[in-house]
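Here's the structure we're looking at; comments come further down.
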Amino acid sequence: MKSIPKSEVVKSGISELQQEQEIRYNAAGRDYIKAATDLAALKGEVLKSIQGESRFTPELLSELIAEAEKKVAEIDTVKNKAKQEIDNCKHHIETMQLKYDEVISWAELYNAAEHSAKKMIVANLINRIEVSRGYEIHIDFNIDLSHFNINFENYEQNKTA
């Protein structure tokens, strides 16, 4: 784990999702501005219609305004959801940074410890060890590294290549 830079570990798997959500958020922002501008133009046309200067009837304008308001609300929902996903990604990255620091601190503590302390550290890191027939071993760790989304074997192969 120490051989992989912290930034790479933390952002693996998350940065693509975050970029996708930022693209959705920016697109929704542009769509929202356009839809809000269209809605404002329709509302401006209402005054002209009342004064008899518009070619649109008040009923038609009412329908168009209702559709435009619905479109604005839908775009706003998409935009808010994308913003929430971006915030979730940022929170997940912060959580991963804390977990990375925890893993590294355990590793550093283990390397500096005496033999008896190393036993206690391993006891805290390992929840359960199962040995089945054929000496097949399954180790259940207290620290979950799966959320880092890194294939450590591939990283080592790419690093040496």
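Here's how to read the names in the structure tokens: chain A, B, ... by the order shown, residue numbers from 1 in each chain, ligand numbers from 1 in the order shown.
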
Report task. Pick out the residues sitting within 8 Å of region 56-65 of chain A, and hand them over as number ranges by chain; count only C-alpha atoms, and ignore anything fewer than 5 positions along from it in its own chain. Result -> A: 39, 42-43, 45-46, 49-50

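Across the structure, CA of Ile75 (chain A) and CA of Asn26 (chain A) are spaced 11.3 Å apart.
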
Requested in this report: List the neighbours of Ala27 (chain A) out to 12 Å using only C-alpha atoms; skip same-chain residues closer than 2 positions along the sequence, and give me the result as a list of chain:residue names.
Outcome: A:Glu20, A:Gln21, A:Glu22, A:Ile23, A:Arg24, A:Tyr25, A:Gly29, A:Arg30, A:Asp31, A:Tyr32, A:Ile33, A:Lys34, A:Ile75, A:Asp76, A:Val78, A:Lys79, A:Asn80, A:Ala82, A:Lys83

Query raised in the report: To one decimal place, how far is CA of Ile14 (chain A) from CA of Glu94 (chain A) in Å?
Result: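 It comes out at 11.1 Å.
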
Report task. Would you mind reading off the distance between CA of Glu16 (chain A) and CA of Trp106 (chain A), one decimal, in Å? Result ->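 That distance, rounded to one decimal, is 29.0 Å.
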
**Report entry** Residues of chain A in strand (DSSP E), written as an MDAnalysis selection string
**Finding:** chainID A and resid 126:132 136:141

Residue subset to file, keeping C-alpha atoms, as a PDB file, in the first residue's frame:
```pdb
ATOM      1  CA  ILE A 126      -7.395  -9.647  11.830  1.00  0.00           C
ATOM      2  CA  ASN A 127     -10.954 -10.412  12.817  1.00  0.00           C
ATOM      3  CA  ARG A 128     -11.008 -14.118  11.977  1.00  0.00           C
ATOM      4  CA  ILE A 129      -8.906 -16.802  10.282  1.00  0.00           C
ATOM      5  CA  GLU A 130     -10.586 -19.878   8.810  1.00  0.00           C
ATOM      6  CA  VAL A 131      -8.608 -22.924   7.722  1.00  0.00           C
ATOM      7  CA  SER A 132     -10.599 -25.492   5.787  1.00  0.00           C
ATOM      8  CA  GLU A 136      -7.371 -23.397   2.272  1.00  0.00           C
ATOM      9  CA  ILE A 137      -7.056 -20.216   4.336  1.00  0.00           C
ATOM     10  CA  HIS A 138      -9.521 -17.348   4.522  1.00  0.00           C
ATOM     11  CA  ILE A 139      -8.536 -14.265   6.535  1.00  0.00           C
ATOM     12  CA  ASP A 140     -11.181 -11.738   7.553  1.00  0.00           C
ATOM     13  CA  PHE A 141      -9.519  -8.374   8.241  1.00  0.00           C
TER      14      PHE A 141
END
```
